[in-house]
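Visitor: Okay, here's the structure, questions in a sec.
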Amino acid sequence: MTPALMTSAQRRLTDSVRERLGPKAVVTDEAAIAPWLRDWRGRYHGAAPAILSPDSRDGVATILALAHDLRVPLVPQGGNTGMVGGATPPADGSALILSLRRMNRIRSIEPENGLAVAEAGVILADLHAAAVDRGMRFPLTLGARGSATIGGLASTNAGGTQVLRFGTMRSLVAGVEAVLPDGSIHDGLAALKKDNRGYDLNQLLIGAEGTLGVITAATLRLVPAIAARAVAWAGLADPVTALALLRRLEAGTDRIESFEIVPDDTLALVLRHIPGTRPPLAGVHKWHVLIEAVATDLAAEPPADLLERLLAPALADSQVADAVIAASEAQADAFWHIRDSISEAERANGPAVQHDISVPVSGMPRFMIEGGAACEARFPGTEAMAFGHLGDGNVHFHVRAPRGADPAHWYAEEAPVVTRFVNDLVVAAGGSISAEHGIGQMKVAELERLSSPARMATLRAIKSAFDPEALMNPGKLVALAPGSRAP
Ligand code: FAD
């Protein structure tokens, strides 16, 4: 792609930002910008003549006020690990990237109150480590934890593999500090247990994907650090059996923290593409589940004993065909590495279209089986497979292109038809076409097609109230042309 040329408004903005915030706050070097112009999956490619990179809330406010006056659109960006092209700028170079990565301070950790305040650019893994150092933990994790940032996680209302017990970012964020599109500051960091001052601005900003303003810091809920954990890998017949197993485990304990389902062909993909991975079980099983149980108190029954006790009857009555409990932390990490590498293995494998979907939990096993079969029957040669957060009623429903398909042609012509088919199935099952990844640019048209007029009119009205000039992350979530107002 040819480098984007600066408009005169962009030039005035970058000159002013450099003057006020110093040279580090503006990046115009093409090689330095290039990695941030495409999304993690490589599906979306944008253009931007500069990245603005403030290191403080007031720096963000300065930039937004200037951009507002000059009518320059901005695309907030954290770790750029989002799955829906939300952080990729438009291809016409009309927007600048606003990177929050230099805002990476953990402002406070208060174990006594179970709270931490982290700036938007703090990387999730760094927050995990800092919390553990103080005997606490932030109970949200996902495969991209080495790059994903607090601002991105809050802005996408991210989920991950501990939602079963602790919920998504919405339930883990106790306060938000943000800069609104005109440069004004919303200070909602105080963690109030009760606050009934009408509409909840913090919750509006969470999951807004940078379309309503820029999150600069968040107050996050912490829980006591884990004293011990056990990770099991079990082979079983199908998703119906898997959900029944989860219910059985939950009847015996409230210490199950993760329960992830993986079909055998997805496991095979990981073993093929990710060096060093090994099958956890000796035999062949059509479906697998990864289970983690924890203890925060060393006096409690050790999690390995707990899992062994709860899995024994399931093995005895053949609900579970085989199971192994990791014998060491290294083996536990190896099991998780398989789960966390699925997206990477998928990416290495070839063209596939991904759907991050949810349906009511009780209906998910049937949806996985019948939806997959319906999809493969309707699109011969494709392979549909679903994996992930069964206990949340959320799976990643991936459809691989037929062998030998030309990727460019398939993505342009076939994948959108597959997606419409899958999304129609999801809506018919009472579900959501975005469970945890957001809308970004990938799902704008489908959100519009499948939402009620009431939902779309309300989303547009909210967008317009915060950002009447449509300068924040244009083309994402709800499409309003820059400078236009919602009707
Ligand atoms: P980015 O990708 O940079 O941005 C995401 C969106 O947030 C964009 O719309 C951007 O404009 C906006 N944004 C970023 N920072 C701010 C800010 N400070 N203020 C306002 N808007 C902002 N997601 C899950 O939910 N669950 C998973 O299990 C999961 N697993 C993943 C596994 C892998 C291997 C990968 C690569 C991704 C996975 N994701 C998952 C997706 C991704 O990690 C999350 O969406 C994450 O929240 C994105 O964080 P980020 O900092 O990379 O944000």
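Letters for chains follow the order of the structure tokens (A, B, ...), residue numbers begin at 1 for each chain, and ligand numbers begin at 1 in the order shown.
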Please write out the residues within 6 Å of ligand 1 as a JSON list (two decimals) with all heavy atoms, in the first residue's frame, counting only C-alpha atoms and all ligand atoms.

Guide:
[["chain", "number", "residue", "atom", "x", "y", "z"],
["A", 75, "VAL", "N", -8.34, 6.94, 15.36],
["A", 75, "VAL", "CA", -8.62, 5.53, 15.63],
["A", 75, "VAL", "C", -7.83, 5.11, 16.87],
["A", 75, "VAL", "O", -6.61, 4.96, 16.81],
["A", 75, "VAL", "CB", -8.19, 4.64, 14.43],
["A", 75, "VAL", "CG1", -8.42, 3.17, 14.75],
["A", 75, "VAL", "CG2", -8.94, 5.04, 13.18],
["A", 76, "PRO", "N", -8.50, 4.96, 18.03],
["A", 76, "PRO", "CA", -7.76, 4.51, 19.22],
["A", 76, "PRO", "C", -7.20, 3.10, 19.01],
["A", 76, "PRO", "O", -7.85, 2.26, 18.38],
["A", 76, "PRO", "CB", -8.83, 4.50, 20.32],
["A", 76, "PRO", "CG", -9.96, 5.33, 19.81],
["A", 76, "PRO", "CD", -9.92, 5.19, 18.32],
["A", 77, "GLN", "N", -6.02, 2.88, 19.56],
["A", 77, "GLN", "CA", -5.40, 1.56, 19.40],
["A", 77, "GLN", "C", -4.64, 1.20, 20.66],
["A", 77, "GLN", "O", -3.93, 2.02, 21.24],
["A", 77, "GLN", "CB", -4.45, 1.58, 18.20],
["A", 77, "GLN", "CG", -4.06, 0.20, 17.71],
["A", 77, "GLN", "CD", -3.10, 0.28, 16.51],
["A", 77, "GLN", "OE1", -1.93, 0.61, 16.69],
["A", 77, "GLN", "NE2", -3.61, -0.02, 15.32],
["A", 78, "GLY", "N", -4.80, -0.06, 21.10],
["A", 78, "GLY", "CA", -4.03, -0.57, 22.23],
["A", 78, "GLY", "C", -3.01, -1.56, 21.68],
["A", 78, "GLY", "O", -2.08, -1.19, 20.96],
["A", 79, "GLY", "N", -3.20, -2.84, 22.00],
["A", 79, "GLY", "CA", -2.25, -3.86, 21.55],
["A", 79, "GLY", "C", -2.48, -4.34, 20.13],
["A", 79, "GLY", "O", -1.70, -5.13, 19.60],
["A", 80, "ASN", "N", -3.57, -3.90, 19.51],
["A", 80, "ASN", "CA", -3.91, -4.29, 18.13],
["A", 80, "ASN", "C", -4.11, -5.81, 18.00],
["A", 80, "ASN", "O", -3.76, -6.40, 17.00],
["A", 80, "ASN", "CB", -2.82, -3.81, 17.16],
["A", 80, "ASN", "CG", -3.33, -3.78, 15.71],
["A", 80, "ASN", "OD1", -4.54, -3.66, 15.46],
["A", 80, "ASN", "ND2", -2.42, -3.93, 14.76],
["A", 81, "THR", "N", -4.69, -6.41, 19.03],
["A", 81, "THR", "CA", -4.96, -7.85, 18.97],
["A", 81, "THR", "C", -6.44, -8.13, 18.72],
["A", 81, "THR", "O", -6.87, -9.29, 18.75],
["A", 81, "THR", "CB", -4.56, -8.56, 20.28],
["A", 81, "THR", "OG1", -5.43, -8.11, 21.34],
["A", 81, "THR", "CG2", -3.13, -8.29, 20.66],
["A", 82, "GLY", "N", -7.23, -7.10, 18.51],
["A", 82, "GLY", "CA", -8.67, -7.27, 18.31],
["A", 82, "GLY", "C", -8.97, -8.15, 17.09],
["A", 82, "GLY", "O", -8.18, -8.23, 16.16],
["A", 83, "MET", "N", -10.11, -8.80, 17.15],
["A", 83, "MET", "CA", -10.45, -9.80, 16.13],
["A", 83, "MET", "C", -11.43, -9.29, 15.07],
["A", 83, "MET", "O", -11.85, -10.06, 14.23],
["A", 83, "MET", "CB", -11.06, -11.02, 16.82],
["A", 83, "MET", "CG", -10.06, -11.82, 17.64],
["A", 83, "MET", "SD", -8.90, -12.64, 16.53],
["A", 83, "MET", "CE", -8.15, -13.83, 17.62],
["A", 86, "GLY", "N", -11.28, -3.58, 14.54],
["A", 86, "GLY", "CA", -11.70, -2.34, 15.19],
["A", 86, "GLY", "C", -10.60, -1.31, 15.33],
["A", 86, "GLY", "O", -10.87, -0.11, 15.37],
["A", 87, "ALA", "N", -9.35, -1.75, 15.40],
["A", 87, "ALA", "CA", -8.24, -0.81, 15.62],
["A", 87, "ALA", "C", -7.51, -0.48, 14.32],
["A", 87, "ALA", "O", -6.49, 0.21, 14.33],
["A", 87, "ALA", "CB", -7.26, -1.39, 16.64],
["A", 100, "LEU", "N", -2.37, 4.17, 22.64],
["A", 100, "LEU", "CA", -2.37, 4.39, 24.10],
["A", 100, "LEU", "C", -1.21, 3.64, 24.75],
["A", 100, "LEU", "O", -1.11, 3.59, 25.98],
["A", 100, "LEU", "CB", -3.70, 3.90, 24.68],
["A", 100, "LEU", "CG", -4.92, 4.84, 24.59],
["A", 100, "LEU", "CD1", -4.60, 6.16, 25.29],
["A", 100, "LEU", "CD2", -5.38, 5.11, 23.18],
["A", 120, "ALA", "N", -4.57, 2.92, 30.38],
["A", 120, "ALA", "CA", -5.10, 2.19, 29.22],
["A", 120, "ALA", "C", -4.06, 1.30, 28.54],
["A", 120, "ALA", "O", -4.39, 0.22, 28.04],
["A", 120, "ALA", "CB", -5.67, 3.18, 28.21],
["A", 142, "LEU", "N", -6.69, -14.24, 28.53],
["A", 142, "LEU", "CA", -6.95, -14.70, 27.17],
["A", 142, "LEU", "C", -5.62, -14.89, 26.45],
["A", 142, "LEU", "O", -4.56, -14.48, 26.96],
["A", 142, "LEU", "CB", -7.88, -13.72, 26.42],
["A", 142, "LEU", "CG", -7.73, -12.23, 26.62],
["A", 142, "LEU", "CD1", -6.54, -11.70, 25.90],
["A", 142, "LEU", "CD2", -8.98, -11.51, 26.13],
["A", 143, "GLY", "N", -5.69, -15.53, 25.29],
["A", 143, "GLY", "CA", -4.47, -15.92, 24.58],
["A", 143, "GLY", "C", -3.57, -14.75, 24.23],
["A", 143, "GLY", "O", -2.36, -14.91, 24.11],
["A", 144, "ALA", "N", -4.15, -13.55, 24.07],
["A", 144, "ALA", "CA", -3.36, -12.39, 23.65],
["A", 144, "ALA", "C", -2.86, -11.58, 24.85],
["A", 144, "ALA", "O", -2.52, -10.40, 24.71],
["A", 144, "ALA", "CB", -4.20, -11.51, 22.74],
["A", 148, "ALA", "N", -2.43, -7.58, 24.60],
["A", 148, "ALA", "CA", -3.69, -6.85, 24.77],
["A", 148, "ALA", "C", -3.58, -5.89, 25.95],
["A", 148, "ALA", "O", -2.96, -6.21, 26.97],
["A", 148, "ALA", "CB", -4.85, -7.82, 24.99],
["A", 149, "THR", "N", -4.19, -4.72, 25.82],
["A", 149, "THR", "CA", -4.08, -3.69, 26.84],
["A", 149, "THR", "C", -5.39, -3.51, 27.61],
["A", 149, "THR", "O", -6.46, -3.88, 27.12],
["A", 149, "THR", "CB", -3.73, -2.34, 26.19],
["A", 149, "THR", "OG1", -4.81, -1.98, 25.31],
["A", 149, "THR", "CG2", -2.44, -2.40, 25.40],
["A", 151, "GLY", "N", -7.01, -0.78, 28.09],
["A", 151, "GLY", "CA", -7.93, 0.07, 27.33],
["A", 151, "GLY", "C", -8.66, -0.71, 26.25],
["A", 151, "GLY", "O", -9.88, -0.56, 26.05],
["A", 152, "GLY", "N", -7.94, -1.58, 25.55],
["A", 152, "GLY", "CA", -8.55, -2.39, 24.50],
["A", 152, "GLY", "C", -9.51, -3.42, 25.09],
["A", 152, "GLY", "O", -10.61, -3.65, 24.56],
["A", 153, "LEU", "N", -9.10, -4.01, 26.19],
["A", 153, "LEU", "CA", -9.96, -5.03, 26.84],
["A", 153, "LEU", "C", -11.26, -4.40, 27.32],
["A", 153, "LEU", "O", -12.34, -4.97, 27.12],
["A", 153, "LEU", "CB", -9.21, -5.67, 28.01],
["A", 153, "LEU", "CG", -7.98, -6.51, 27.63],
["A", 153, "LEU", "CD1", -7.01, -6.63, 28.80],
["A", 153, "LEU", "CD2", -8.40, -7.90, 27.16],
["A", 155, "SER", "N", -12.56, -1.60, 26.18],
["A", 155, "SER", "CA", -13.31, -1.05, 25.04],
["A", 155, "SER", "C", -13.98, -2.13, 24.21],
["A", 155, "SER", "O", -14.90, -1.84, 23.43],
["A", 155, "SER", "CB", -12.37, -0.23, 24.15],
["A", 155, "SER", "OG", -11.85, 0.85, 24.89],
["A", 156, "THR", "N", -13.51, -3.38, 24.32],
["A", 156, "THR", "CA", -14.19, -4.47, 23.61],
["A", 156, "THR", "C", -15.03, -5.32, 24.57],
["A", 156, "THR", "O", -15.59, -6.33, 24.15],
["A", 156, "THR", "CB", -13.17, -5.40, 22.92],
["A", 156, "THR", "OG1", -12.25, -5.88, 23.90],
["A", 156, "THR", "CG2", -12.39, -4.68, 21.82],
["A", 158, "ALA", "N", -13.97, -7.39, 26.73],
["A", 158, "ALA", "CA", -13.39, -8.71, 26.45],
["A", 158, "ALA", "C", -13.84, -9.75, 27.47],
["A", 158, "ALA", "O", -14.23, -9.43, 28.60],
["A", 158, "ALA", "CB", -11.86, -8.60, 26.45],
["A", 159, "GLY", "N", -13.78, -11.00, 27.03],
["A", 159, "GLY", "CA", -14.18, -12.12, 27.89],
["A", 159, "GLY", "C", -12.99, -12.97, 28.25],
["A", 159, "GLY", "O", -12.23, -12.63, 29.15],
["A", 160, "GLY", "N", -12.80, -14.09, 27.55],
["A", 160, "GLY", "CA", -11.67, -14.95, 27.85],
["A", 160, "GLY", "C", -12.10, -16.21, 28.57],
["A", 160, "GLY", "O", -13.26, -16.60, 28.53],
["A", 161, "THR", "N", -11.14, -16.81, 29.27],
["A", 161, "THR", "CA", -11.37, -18.17, 29.77],
["A", 161, "THR", "C", -11.75, -18.24, 31.25],
["A", 161, "THR", "O", -11.78, -19.31, 31.83],
["A", 161, "THR", "CB", -10.10, -19.02, 29.53],
["A", 161, "THR", "OG1", -8.97, -18.30, 30.01],
["A", 161, "THR", "CG2", -9.91, -19.33, 28.07],
["A", 209, "GLU", "N", -15.79, 0.31, 21.84],
["A", 209, "GLU", "CA", -14.79, 0.12, 20.78],
["A", 209, "GLU", "C", -14.20, 1.44, 20.27],
["A", 209, "GLU", "O", -13.96, 1.60, 19.07],
["A", 209, "GLU", "CB", -15.41, -0.67, 19.62],
["A", 209, "GLU", "CG", -15.91, -2.04, 20.06],
["A", 209, "GLU", "CD", -16.48, -2.86, 18.91],
["A", 209, "GLU", "OE1", -15.84, -2.90, 17.85],
["A", 209, "GLU", "OE2", -17.55, -3.46, 19.07],
["A", 210, "GLY", "N", -14.01, 2.38, 21.20],
["A", 210, "GLY", "CA", -13.37, 3.63, 20.82],
["A", 210, "GLY", "C", -14.24, 4.55, 19.99],
["A", 210, "GLY", "O", -13.75, 5.52, 19.41],
["A", 213, "GLY", "N", -15.25, 7.75, 22.76],
["A", 213, "GLY", "CA", -14.21, 8.47, 23.48],
["A", 213, "GLY", "C", -13.03, 7.55, 23.70],
["A", 213, "GLY", "O", -13.01, 6.42, 23.19],
["A", 214, "VAL", "N", -12.06, 8.03, 24.46],
["A", 214, "VAL", "CA", -10.84, 7.25, 24.69],
["A", 214, "VAL", "C", -10.72, 6.93, 26.17],
["A", 214, "VAL", "O", -10.66, 7.85, 27.00],
["A", 214, "VAL", "CB", -9.59, 8.04, 24.22],
["A", 214, "VAL", "CG1", -8.33, 7.23, 24.49],
["A", 214, "VAL", "CG2", -9.71, 8.36, 22.74],
["A", 215, "ILE", "N", -10.68, 5.66, 26.50],
["A", 215, "ILE", "CA", -10.46, 5.26, 27.89],
["A", 215, "ILE", "C", -8.99, 5.48, 28.20],
["A", 215, "ILE", "O", -8.11, 5.01, 27.46],
["A", 215, "ILE", "CB", -10.87, 3.79, 28.11],
["A", 215, "ILE", "CG1", -12.40, 3.67, 27.94],
["A", 215, "ILE", "CG2", -10.42, 3.29, 29.48],
["A", 215, "ILE", "CD1", -12.94, 2.25, 28.08],
["A", 216, "THR", "N", -8.71, 6.23, 29.28],
["A", 216, "THR", "CA", -7.30, 6.49, 29.62],
["A", 216, "THR", "C", -6.85, 5.68, 30.83],
["A", 216, "THR", "O", -5.66, 5.46, 31.03],
["A", 216, "THR", "CB", -7.07, 7.99, 29.87],
["A", 216, "THR", "OG1", -8.08, 8.47, 30.77],
["A", 216, "THR", "CG2", -7.13, 8.77, 28.56],
["A", 343, "SER", "N", -6.20, -20.00, 17.83],
["A", 343, "SER", "CA", -6.34, -18.93, 16.82],
["A", 343, "SER", "C", -5.09, -18.87, 15.93],
["A", 343, "SER", "O", -5.19, -18.67, 14.72],
["A", 343, "SER", "CB", -6.56, -17.57, 17.50],
["A", 343, "SER", "OG", -7.77, -17.58, 18.19],
["A", 436, "GLU", "N", -17.97, -11.75, 22.34],
["A", 436, "GLU", "CA", -16.92, -11.09, 23.13],
["A", 436, "GLU", "C", -15.93, -10.29, 22.29],
["A", 436, "GLU", "O", -15.12, -9.56, 22.85],
["A", 436, "GLU", "CB", -16.17, -12.13, 23.98],
["A", 436, "GLU", "CG", -15.50, -13.23, 23.19],
["A", 436, "GLU", "CD", -14.67, -14.19, 24.05],
["A", 436, "GLU", "OE1", -14.70, -14.07, 25.28],
["A", 436, "GLU", "OE2", -13.99, -15.04, 23.46],
["A", 437, "HIS", "N", -15.96, -10.38, 20.97],
["A", 437, "HIS", "CA", -14.96, -9.66, 20.18],
["A", 437, "HIS", "C", -15.40, -8.27, 19.75],
["A", 437, "HIS", "O", -14.58, -7.47, 19.33],
["A", 437, "HIS", "CB", -14.58, -10.47, 18.93],
["A", 437, "HIS", "CG", -13.80, -11.71, 19.26],
["A", 437, "HIS", "ND1", -13.63, -12.74, 18.37],
["A", 437, "HIS", "CD2", -13.13, -12.08, 20.39],
["A", 437, "HIS", "CE1", -12.91, -13.69, 18.94],
["A", 437, "HIS", "NE2", -12.60, -13.32, 20.17],
["A", 440, "GLY", "N", -16.46, -3.93, 15.53],
["A", 440, "GLY", "CA", -15.36, -3.43, 14.70],
["A", 440, "GLY", "C", -15.85, -3.00, 13.35],
["A", 440, "GLY", "O", -16.94, -2.41, 13.21]]

Visitor: Give the helix (DSSP H, G or I) residues of range 33-231 of chain A, as assigned by DSSP on the backbone, as a ChimeraX atom specification.

Guide: /A:33-37,57-70,124-133,150-155,163-166,169-172,201-205

Visitor: Next, the residues of the selection above should be written as a CSV table (one decimal), in the first residue's frame with N, CA and C atoms.

Guide:
chain,number,residue,atom,x,y,z
A,33,ILE,N,5.2,2.8,11.5
A,33,ILE,CA,3.8,2.8,11.4
A,33,ILE,C,3.2,1.5,10.9
A,34,ALA,N,4.0,0.9,9.9
A,34,ALA,CA,3.4,-0.2,9.1
A,34,ALA,C,2.8,-1.3,9.9
A,35,PRO,N,3.5,-1.8,11.0
A,35,PRO,CA,2.9,-3.0,11.7
A,35,PRO,C,1.5,-2.7,12.3
A,36,TRP,N,1.2,-1.4,12.5
A,36,TRP,CA,-0.1,-1.0,13.2
A,36,TRP,C,-1.2,-0.7,12.2
A,37,LEU,N,-0.9,-1.0,10.9
A,37,LEU,CA,-1.9,-0.7,9.9
A,37,LEU,C,-2.8,-1.9,9.5
A,57,ARG,N,-3.1,11.3,30.5
A,57,ARG,CA,-4.5,11.6,30.2
A,57,ARG,C,-4.6,13.0,29.7
A,58,ASP,N,-3.8,14.0,30.2
A,58,ASP,CA,-3.9,15.3,29.7
A,58,ASP,C,-3.4,15.4,28.3
A,59,GLY,N,-2.4,14.6,28.0
A,59,GLY,CA,-1.9,14.5,26.6
A,59,GLY,C,-3.0,14.1,25.6
A,60,VAL,N,-3.8,13.0,26.1
A,60,VAL,CA,-4.9,12.5,25.2
A,60,VAL,C,-5.9,13.7,25.1
A,61,ALA,N,-6.2,14.4,26.2
A,61,ALA,CA,-7.2,15.5,26.1
A,61,ALA,C,-6.8,16.5,25.1
A,62,THR,N,-5.5,16.9,25.2
A,62,THR,CA,-5.0,17.9,24.3
A,62,THR,C,-5.2,17.4,22.8
A,63,ILE,N,-4.8,16.2,22.5
A,63,ILE,CA,-5.0,15.7,21.2
A,63,ILE,C,-6.4,15.7,20.7
A,64,LEU,N,-7.3,15.2,21.6
A,64,LEU,CA,-8.7,15.1,21.2
A,64,LEU,C,-9.3,16.5,21.0
A,65,ALA,N,-8.9,17.5,21.8
A,65,ALA,CA,-9.5,18.8,21.6
A,65,ALA,C,-9.0,19.4,20.3
A,66,LEU,N,-7.7,19.2,20.0
A,66,LEU,CA,-7.2,19.7,18.7
A,66,LEU,C,-7.8,19.0,17.5
A,67,ALA,N,-7.9,17.7,17.6
A,67,ALA,CA,-8.5,16.9,16.5
A,67,ALA,C,-10.0,17.3,16.3
A,68,HIS,N,-10.6,17.6,17.4
A,68,HIS,CA,-12.0,18.1,17.3
A,68,HIS,C,-12.1,19.4,16.6
A,69,ASP,N,-11.3,20.3,16.9
A,69,ASP,CA,-11.3,21.6,16.3
A,69,ASP,C,-10.9,21.5,14.8
A,70,LEU,N,-10.0,20.6,14.5
A,70,LEU,CA,-9.5,20.5,13.1
A,70,LEU,C,-10.3,19.5,12.3
A,124,LEU,N,-2.0,-6.7,29.7
A,124,LEU,CA,-2.7,-7.6,30.6
A,124,LEU,C,-1.8,-8.4,31.4
A,125,ALA,N,-0.8,-9.0,30.8
A,125,ALA,CA,0.2,-9.9,31.5
A,125,ALA,C,0.9,-9.1,32.6
A,126,ASP,N,1.2,-7.8,32.3
A,126,ASP,CA,2.0,-7.0,33.3
A,126,ASP,C,1.1,-6.7,34.5
A,127,LEU,N,-0.2,-6.5,34.2
A,127,LEU,CA,-1.1,-6.3,35.4
A,127,LEU,C,-1.2,-7.6,36.2
A,128,HIS,N,-1.3,-8.8,35.5
A,128,HIS,CA,-1.3,-10.1,36.2
A,128,HIS,C,-0.1,-10.2,37.1
A,129,ALA,N,1.0,-9.9,36.6
A,129,ALA,CA,2.3,-10.0,37.4
A,129,ALA,C,2.3,-9.1,38.6
A,130,ALA,N,1.9,-7.8,38.3
A,130,ALA,CA,1.9,-6.8,39.4
A,130,ALA,C,0.9,-7.2,40.5
A,131,ALA,N,-0.2,-7.7,40.1
A,131,ALA,CA,-1.2,-8.1,41.1
A,131,ALA,C,-0.7,-9.3,42.0
A,132,VAL,N,-0.1,-10.3,41.3
A,132,VAL,CA,0.4,-11.4,42.0
A,132,VAL,C,1.5,-11.0,43.0
A,133,ASP,N,2.3,-10.1,42.7
A,133,ASP,CA,3.3,-9.5,43.6
A,133,ASP,C,2.7,-9.0,44.9
A,150,ILE,N,-5.3,-2.9,28.8
A,150,ILE,CA,-6.5,-2.6,29.6
A,150,ILE,C,-7.5,-1.8,28.8
A,151,GLY,N,-7.0,-0.8,28.1
A,151,GLY,CA,-7.9,0.1,27.3
A,151,GLY,C,-8.7,-0.7,26.2
A,152,GLY,N,-7.9,-1.6,25.5
A,152,GLY,CA,-8.6,-2.4,24.5
A,152,GLY,C,-9.5,-3.4,25.1
A,153,LEU,N,-9.1,-4.0,26.2
A,153,LEU,CA,-10.0,-5.0,26.8
A,153,LEU,C,-11.3,-4.4,27.3
A,154,ALA,N,-11.1,-3.2,27.9
A,154,ALA,CA,-12.4,-2.6,28.4
A,154,ALA,C,-13.2,-2.1,27.2
A,155,SER,N,-12.6,-1.6,26.2
A,155,SER,CA,-13.3,-1.1,25.0
A,155,SER,C,-14.0,-2.1,24.2
A,163,VAL,N,-14.5,-16.2,32.4
A,163,VAL,CA,-15.8,-15.6,32.4
A,163,VAL,C,-16.8,-16.4,33.2
A,164,LEU,N,-16.6,-17.7,33.1
A,164,LEU,CA,-17.5,-18.7,33.8
A,164,LEU,C,-17.7,-18.3,35.3
A,165,ARG,N,-16.6,-17.8,35.9
A,165,ARG,CA,-16.6,-17.5,37.4
A,165,ARG,C,-16.7,-16.0,37.6
A,166,PHE,N,-16.0,-15.2,36.8
A,166,PHE,CA,-15.9,-13.8,37.1
A,166,PHE,C,-16.5,-12.8,36.2
A,169,MET,N,-15.3,-8.1,31.1
A,169,MET,CA,-14.7,-6.8,31.6
A,169,MET,C,-15.8,-5.9,32.3
A,170,ARG,N,-17.0,-6.0,31.7
A,170,ARG,CA,-18.1,-5.2,32.4
A,170,ARG,C,-18.2,-5.4,33.9
A,171,SER,N,-18.0,-6.7,34.3
A,171,SER,CA,-18.2,-6.9,35.7
A,171,SER,C,-16.9,-6.7,36.5
A,172,LEU,N,-15.8,-6.5,35.7
A,172,LEU,CA,-14.5,-6.4,36.4
A,172,LEU,C,-14.0,-5.0,36.5
A,201,LEU,N,-22.3,6.3,32.5
A,201,LEU,CA,-21.3,6.6,31.5
A,201,LEU,C,-20.2,5.6,31.4
A,202,ASN,N,-19.7,5.1,32.6
A,202,ASN,CA,-18.7,4.1,32.5
A,202,ASN,C,-19.1,2.9,31.7
A,203,GLN,N,-20.3,2.4,31.9
A,203,GLN,CA,-20.7,1.2,31.2
A,203,GLN,C,-21.0,1.5,29.7
A,204,LEU,N,-21.3,2.7,29.4
A,204,LEU,CA,-21.5,3.1,28.0
A,204,LEU,C,-20.1,3.1,27.3
A,205,LEU,N,-19.1,3.5,28.0
A,205,LEU,CA,-17.7,3.5,27.4
A,205,LEU,C,-17.1,2.1,27.3

Visitor: What's the separation between CA of Ser358 in chain A and CA of Ile256 in chain A, in Å to one decimal place?

Guide: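 Spanning CA of Ser358 in chain A to CA of Ile256 in chain A is a straight-line distance of 20.7 Å.
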
Visitor: Kindly assemble as CSV a list of the range 61-118 of chain A residues that lie within 7 Å of range 47-56 of chain A, each paired with its nearest atom pair and their distance in Å to one decimal, using only C-alpha atoms, sorted first by chain and then by ascending residue number.

Guide:
residue,atom,partner,partner_atom,distance
A:Pro89,CA,A:Ala47,CA,6.1
A:Pro90,CA,A:Ala47,CA,6.3
A:Ala91,CA,A:Ala47,CA,4.9
A:Asp92,CA,A:Ala47,CA,6.2
A:Gly93,CA,A:Ala47,CA,4.6
A:Ala95,CA,A:Ala48,CA,6.2
A:Leu96,CA,A:Ala48,CA,5.4
A:Ile97,CA,A:Ile51,CA,4.7
A:Leu98,CA,A:Leu52,CA,4.8
A:Ser99,CA,A:Ser53,CA,5.0
A:Leu100,CA,A:Ser53,CA,6.3
A:Arg102,CA,A:Asp55,CA,4.9
A:Met103,CA,A:Asp55,CA,4.7

Visitor: As a PyMOL selection string, please: the residues near Ile433 in chain A (cut-off 12 Å, only C-alpha atoms, same-chain neighbours under 4 positions excluded).

Guide: chain A and resi 84+354-359+394-397+419-429+437-439+442-451

Visitor: Please write the residues from the selection above to a file, keeping C-alpha atoms, as a short mmCIF file (atom, residue, chain, number, x, y, z; two decimals), in the first residue's frame.

Guide:
data_model
loop_
_atom_site.label_atom_id
_atom_site.label_comp_id
_atom_site.auth_asym_id
_atom_site.auth_seq_id
_atom_site.Cartn_x
_atom_site.Cartn_y
_atom_site.Cartn_z
CA VAL A 84 -12.87 -7.56 14.21
CA GLN A 354 -14.62 -16.86 12.16
CA HIS A 355 -17.81 -16.24 14.06
CA ASP A 356 -17.67 -15.29 17.72
CA ILE A 357 -21.22 -16.17 18.72
CA SER A 358 -23.38 -16.84 21.73
CA VAL A 359 -26.71 -18.56 22.29
CA ASN A 394 -20.05 -18.68 23.62
CA VAL A 395 -18.05 -20.52 21.00
CA HIS A 396 -15.85 -19.51 18.13
CA PHE A 397 -17.61 -21.06 15.16
CA THR A 419 -21.29 -15.66 7.52
CA ARG A 420 -24.83 -14.59 6.69
CA PHE A 421 -25.91 -18.22 6.87
CA VAL A 422 -24.25 -18.79 10.25
CA ASN A 423 -25.56 -15.50 11.65
CA ASP A 424 -29.10 -16.34 10.57
CA LEU A 425 -28.79 -19.63 12.48
CA VAL A 426 -27.55 -17.73 15.53
CA VAL A 427 -30.41 -15.23 15.45
CA ALA A 428 -32.93 -18.06 14.98
CA ALA A 429 -31.46 -19.66 18.12
CA HIS A 437 -14.96 -9.66 20.18
CA GLY A 438 -17.18 -6.69 19.38
CA ILE A 439 -18.39 -5.37 16.03
CA MET A 442 -16.09 -6.80 10.37
CA LYS A 443 -19.68 -6.96 11.63
CA VAL A 444 -21.07 -3.50 10.90
CA ALA A 445 -23.27 -4.64 8.00
CA GLU A 446 -24.48 -7.77 9.77
CA LEU A 447 -25.29 -5.82 12.94
CA GLU A 448 -27.39 -3.50 10.80
CA ARG A 449 -29.08 -6.36 8.93
CA LEU A 450 -29.93 -8.38 12.01
CA SER A 451 -30.80 -5.71 14.58
#

Visitor: Assign secondary structure with DSSP using the backbone only, and return the residues of range 130-259 of chain A in strand (DSSP E) as an MDAnalysis selection string.

Guide: chainID A and resid 136:137 173:179 185:188 214:221 223:224 228:236 256:259
